[in-house]
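**Student:** Below you'll find the structure I mean.
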Amino acid sequence: MVKTAYFREELDIPEDVKVTVDEDHHITVKGPEGDPIEKDFSHIRGITIKQEENKLIFEAHFPRGSTLALANTIINIVDNLIKGVQNNYKYISMVCYSHFPCSVEAKPRDREIHVINFLGERAPRVIKYDPSMVKVKVEGDEVFLIGADKEVLGQTAADLKKICRIRKKDPRIFQDGVYLYKIMHGEEVAWEIK
């Protein structure tokens with residue numbers, strides 16, 4: 001395998017987005033569609049992140065394969081944040097049921113999302129979420145998770161699916177739950193189950 005002596009990648013920052021980087025690799029991204037989002041990359045070793053004018057520059061000297069993979073992951077995370085603060089992401093989940101009609105209710109004051117009457121249970125199933133990062137909107141059987149940070153939205157959708165896990169029943173018959181079926185960036189569909 002060929003060794004890489006020097007790795008350098010540039011990421012353009014659009015005019016309407018403000019990005020700041022401090023010495024500990026804390027990156028803050030602010031744009032027209034989102035509050036400032038801060039990511040902590042202080043754990044990275046061997047990668048330097050610099051800001052020059054309207055560019056972020058990622059550099060590494062004699063990187064290993066794992067360091068290159070980490071650098072590309074960080075570049076993708078920051079790129080997704082820049083796109084997210086320009087146009088918010090929408091994660092759309094569907095409430096599916098065949099036995100008991102269940103519903104989803106957001107409680108931003110309590111920082112919770114409740115799945116009510118799931119399989120006829122009296123107590124709601126509950127997950128925690130961050131209302132400052134994720135806006136939850138429920139329309140009929142669809143749950144919209146809207147925000148600028150793709151990671152937080154994906155984790156909230158995964159938590160919502162996981163809370164509806166059914167135990168000790170046949171999974172071929174009991175398929176009730178809240179399932180992610182569409183991801184949108186602005187008005188463009190990025191991923192969809194058809």
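Identifiers in this document derive from the order of the structure tokens: chains are assigned A, B, ..., residues are numbered from 1 separately in each chain, and ligands are numbered from 1 in order of occurrence.
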Hey, what's within 9 Å of Thr156 in chain A if we count only C-alpha atoms and toss same-chain stuff fewer than 2 positions away? As a VMD selection string, please?
**Tutor:** chain A and resid 127 to 130 134 145 151 to 154 158 to 161
**Student:** Store the residues picked out above, limited to N, CA and C atoms, as a CSV table (one decimal), in the first residue's frame.
**Tutor:**
chain,number,residue,atom,x,y,z
A,127,ILE,N,-38.9,9.2,25.0
A,127,ILE,CA,-37.5,9.4,24.7
A,127,ILE,C,-37.2,10.9,25.0
A,128,LYS,N,-35.9,11.2,25.4
A,128,LYS,CA,-35.5,12.6,25.6
A,128,LYS,C,-34.9,13.1,24.3
A,129,TYR,N,-35.1,14.4,24.1
A,129,TYR,CA,-34.5,15.1,22.9
A,129,TYR,C,-34.2,16.5,23.3
A,130,ASP,N,-33.4,17.2,22.4
A,130,ASP,CA,-33.0,18.5,22.7
A,130,ASP,C,-33.8,19.5,21.8
A,134,VAL,N,-33.6,20.2,17.8
A,134,VAL,CA,-34.5,19.5,17.0
A,134,VAL,C,-35.9,20.1,17.2
A,145,LEU,N,-38.9,15.7,12.1
A,145,LEU,CA,-37.8,16.1,12.9
A,145,LEU,C,-37.0,17.1,12.1
A,151,GLU,N,-26.5,14.8,12.5
A,151,GLU,CA,-26.2,13.7,13.5
A,151,GLU,C,-27.3,13.7,14.6
A,152,VAL,N,-27.7,14.8,15.1
A,152,VAL,CA,-28.7,14.9,16.2
A,152,VAL,C,-30.0,14.4,15.7
A,153,LEU,N,-30.4,14.8,14.5
A,153,LEU,CA,-31.7,14.4,13.9
A,153,LEU,C,-31.7,12.9,13.7
A,154,GLY,N,-30.6,12.3,13.2
A,154,GLY,CA,-30.5,10.9,13.0
A,154,GLY,C,-30.6,10.1,14.3
A,158,ALA,N,-33.5,7.5,15.4
A,158,ALA,CA,-33.1,6.1,15.8
A,158,ALA,C,-33.6,5.8,17.2
A,159,ASP,N,-33.6,6.8,18.1
A,159,ASP,CA,-34.1,6.6,19.5
A,159,ASP,C,-35.7,6.4,19.4
A,160,LEU,N,-36.3,7.1,18.5
A,160,LEU,CA,-37.8,7.0,18.4
A,160,LEU,C,-38.1,5.6,17.9
A,161,LYS,N,-37.3,5.1,17.0
A,161,LYS,CA,-37.6,3.7,16.4
A,161,LYS,C,-37.3,2.7,17.5
**Student:** Would you give me, as a tab-separated table, each residue of range 145-178 of chain A having an atom within 9 Å of an atom of range 33-53 of chain A, along with its shortest atom pair and that distance in Å to one decimal, using only C-alpha atoms and sorting by chain and residue number?
**Tutor:**
residue	atom	partner	partner_atom	distance
A:Gly147	CA	A:Gly34	CA	7.4
A:Ala148	CA	A:Gly34	CA	5.9
A:Asp149	CA	A:Ile37	CA	7.6
**Student:** The selected residues should be written to file as a PDB file, in the first residue's frame (atoms: N, CA and C atoms).
**Tutor:**
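In the end it all went to out.pdb:
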ATOM      1  N   GLY A 147     -34.070  20.268  11.718  1.00  0.00           N
ATOM      2  CA  GLY A 147     -32.936  20.925  12.353  1.00  0.00           C
ATOM      3  C   GLY A 147     -31.742  21.012  11.412  1.00  0.00           C
ATOM      4  N   ALA A 148     -30.683  21.651  11.903  1.00  0.00           N
ATOM      5  CA  ALA A 148     -29.487  21.863  11.086  1.00  0.00           C
ATOM      6  C   ALA A 148     -28.439  20.772  11.278  1.00  0.00           C
ATOM      7  N   ASP A 149     -28.458  20.078  12.420  1.00  0.00           N
ATOM      8  CA  ASP A 149     -27.436  19.071  12.725  1.00  0.00           C
ATOM      9  C   ASP A 149     -27.945  17.678  12.347  1.00  0.00           C
TER      10      ASP A 149
END
**Student:** Quick one: pull the distance between CA of Gly31 in chain A and CA of Ala71 in chain A, Å, one decimal.
**Tutor:** 23.3 Å
**Student:** Can you list, as a ChimeraX atom specification, every protein, DNA or RNA residue that comes within 9 Å of Gly140 in chain A when you count only C-alpha atoms, leaving out same-chain residues fewer than 2 positions away?
**Tutor:** /A:95,103,138,142-143
**Student:** For CA of Arg172 in chain A and CA of Arg125 in chain A, quote the distance in Å rounded to one decimal.
**Tutor:**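 These atoms are spaced 21.6 Å apart.
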**Student:** Just to confirm, what's the straight-line distance from CA of Ile27 in chain A to CA of Ala5 in chain A in Å (one decimal)?
**Tutor:** 26.0 Å
**Student:** Can you pull out the residues contacting Arg167 in chain A? Cut-off 12 Å, using only C-alpha atoms, and skip same-chain residues under 5 positions away; I want them as a VMD selection string.
**Tutor:** chain A and resid 119 162 174 to 176
**Student:** Would you pick out the contacts of Gly186 in chain A at 7 Å or less, using only C-alpha atoms, so that residues sharing its chain but fewer than 6 positions from it are not included, and give the list as an mmCIF file with C-alpha atoms, in the first residue's frame?
**Tutor:**
data_model
loop_
_atom_site.group_PDB
_atom_site.id
_atom_site.type_symbol
_atom_site.label_atom_id
_atom_site.label_comp_id
_atom_site.auth_asym_id
_atom_site.auth_seq_id
_atom_site.Cartn_x
_atom_site.Cartn_y
_atom_site.Cartn_z
ATOM 1 C CA ASN A 87 -31.130 24.758 4.517
ATOM 2 C CA ASN A 88 -32.447 22.656 7.398
ATOM 3 C CA TYR A 89 -32.650 18.875 7.203
#
**Student:** Tell me which protein, DNA and RNA residues are within 12 Å of Ile173 in chain A, counting only C-alpha atoms, leaving out same-chain ones fewer than 4 positions away, and put them as number ranges by chain.
**Tutor:** A: 97-99, 166, 168-169
**Student:** Write out as a list in words which residues come within 8 Å of range 6-11 of chain A when counting only C-alpha atoms, dropping same-chain ones fewer than 5 positions away.
**Tutor:**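 Listing them by chain and then by number gives Lys55, Leu56, Ile57, Phe58, Glu59, Ala60, His61, Phe62, Pro63, Leu68, Ile75 and Asp79 of chain A.
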**Student:** Identify all residues of range 16-161 of chain A in strand (DSSP E or B) (DSSP on the backbone) and supply them as a PDB file with C-alpha atoms, in the first residue's frame.
**Tutor:**
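File produced: part_12.pdb:
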ATOM      1  CA  LYS A  18     -19.806  31.958   9.680  1.00  0.00           C
ATOM      2  CA  VAL A  19     -17.338  29.300  10.894  1.00  0.00           C
ATOM      3  CA  THR A  20     -14.928  29.762  13.811  1.00  0.00           C
ATOM      4  CA  VAL A  21     -12.149  27.396  14.905  1.00  0.00           C
ATOM      5  CA  HIS A  26     -13.820  23.378  18.690  1.00  0.00           C
ATOM      6  CA  ILE A  27     -15.674  24.335  15.506  1.00  0.00           C
ATOM      7  CA  THR A  28     -18.710  26.631  15.640  1.00  0.00           C
ATOM      8  CA  VAL A  29     -20.949  26.993  12.580  1.00  0.00           C
ATOM      9  CA  LYS A  30     -23.603  29.700  12.267  1.00  0.00           C
ATOM     10  CA  GLY A  31     -25.902  30.374   9.317  1.00  0.00           C
ATOM     11  CA  GLY A  34     -29.780  27.567  12.363  1.00  0.00           C
ATOM     12  CA  ASP A  35     -28.539  28.627  15.764  1.00  0.00           C
ATOM     13  CA  PRO A  36     -24.776  28.371  16.294  1.00  0.00           C
ATOM     14  CA  ILE A  37     -23.797  24.682  16.407  1.00  0.00           C
ATOM     15  CA  GLU A  38     -20.590  23.748  18.181  1.00  0.00           C
ATOM     16  CA  LYS A  39     -18.693  20.505  17.602  1.00  0.00           C
ATOM     17  CA  ASP A  40     -15.805  19.348  19.765  1.00  0.00           C
ATOM     18  CA  THR A  48      -4.577  20.304  12.140  1.00  0.00           C
ATOM     19  CA  ILE A  49      -7.564  22.462  11.260  1.00  0.00           C
ATOM     20  CA  LYS A  50      -6.920  26.045  10.138  1.00  0.00           C
ATOM     21  CA  GLN A  51      -9.141  28.788   8.829  1.00  0.00           C
ATOM     22  CA  GLU A  52      -7.907  31.054   6.055  1.00  0.00           C
ATOM     23  CA  LYS A  55     -11.763  28.219   3.628  1.00  0.00           C
ATOM     24  CA  LEU A  56     -11.203  25.541   6.255  1.00  0.00           C
ATOM     25  CA  ILE A  57      -7.941  23.660   5.716  1.00  0.00           C
ATOM     26  CA  PHE A  58      -7.366  20.157   7.111  1.00  0.00           C
ATOM     27  CA  GLU A  59      -3.733  18.959   7.141  1.00  0.00           C
ATOM     28  CA  ALA A  60      -1.830  15.893   8.316  1.00  0.00           C
ATOM     29  CA  HIS A  61       1.844  14.892   7.900  1.00  0.00           C
ATOM     30  CA  TYR A  89     -32.650  18.875   7.203  1.00  0.00           C
ATOM     31  CA  LYS A  90     -35.994  17.106   7.655  1.00  0.00           C
ATOM     32  CA  TYR A  91     -36.180  13.530   8.924  1.00  0.00           C
ATOM     33  CA  ILE A  92     -39.713  12.186   8.367  1.00  0.00           C
ATOM     34  CA  SER A  93     -40.894   9.123  10.279  1.00  0.00           C
ATOM     35  CA  MET A  94     -44.194   7.254   9.890  1.00  0.00           C
ATOM     36  CA  VAL A  95     -46.246   5.889  12.801  1.00  0.00           C
ATOM     37  CA  CYS A  96     -47.257   2.352  11.762  1.00  0.00           C
ATOM     38  CA  SER A 103     -49.806   8.347  18.243  1.00  0.00           C
ATOM     39  CA  VAL A 104     -46.729  10.510  18.873  1.00  0.00           C
ATOM     40  CA  GLU A 105     -46.747  13.666  20.965  1.00  0.00           C
ATOM     41  CA  ALA A 106     -43.888  16.151  21.483  1.00  0.00           C
ATOM     42  CA  LYS A 107     -43.430  17.867  24.842  1.00  0.00           C
ATOM     43  CA  GLU A 112     -39.540  14.505  25.696  1.00  0.00           C
ATOM     44  CA  ILE A 113     -41.321  12.729  22.849  1.00  0.00           C
ATOM     45  CA  HIS A 114     -44.137  10.362  23.908  1.00  0.00           C
ATOM     46  CA  VAL A 115     -45.447   7.369  21.938  1.00  0.00           C
ATOM     47  CA  ILE A 116     -48.985   6.974  23.301  1.00  0.00           C
ATOM     48  CA  ARG A 125     -43.046   5.160  25.842  1.00  0.00           C
ATOM     49  CA  VAL A 126     -40.728   8.166  26.251  1.00  0.00           C
ATOM     50  CA  ILE A 127     -37.474   9.422  24.732  1.00  0.00           C
ATOM     51  CA  LYS A 128     -35.494  12.551  25.601  1.00  0.00           C
ATOM     52  CA  LYS A 135     -37.955  20.901  16.127  1.00  0.00           C
ATOM     53  CA  VAL A 136     -40.647  18.188  16.270  1.00  0.00           C
ATOM     54  CA  LYS A 137     -43.862  18.532  14.275  1.00  0.00           C
ATOM     55  CA  VAL A 138     -46.565  15.825  14.177  1.00  0.00           C
ATOM     56  CA  GLU A 139     -49.074  15.791  11.309  1.00  0.00           C
ATOM     57  CA  GLU A 142     -46.083  11.535  10.181  1.00  0.00           C
ATOM     58  CA  VAL A 143     -43.446  12.843  12.585  1.00  0.00           C
ATOM     59  CA  PHE A 144     -41.176  15.614  11.238  1.00  0.00           C
ATOM     60  CA  LEU A 145     -37.786  16.130  12.905  1.00  0.00           C
ATOM     61  CA  ILE A 146     -36.357  19.432  11.621  1.00  0.00           C
ATOM     62  CA  GLY A 147     -32.936  20.925  12.353  1.00  0.00           C
TER      63      GLY A 147
END
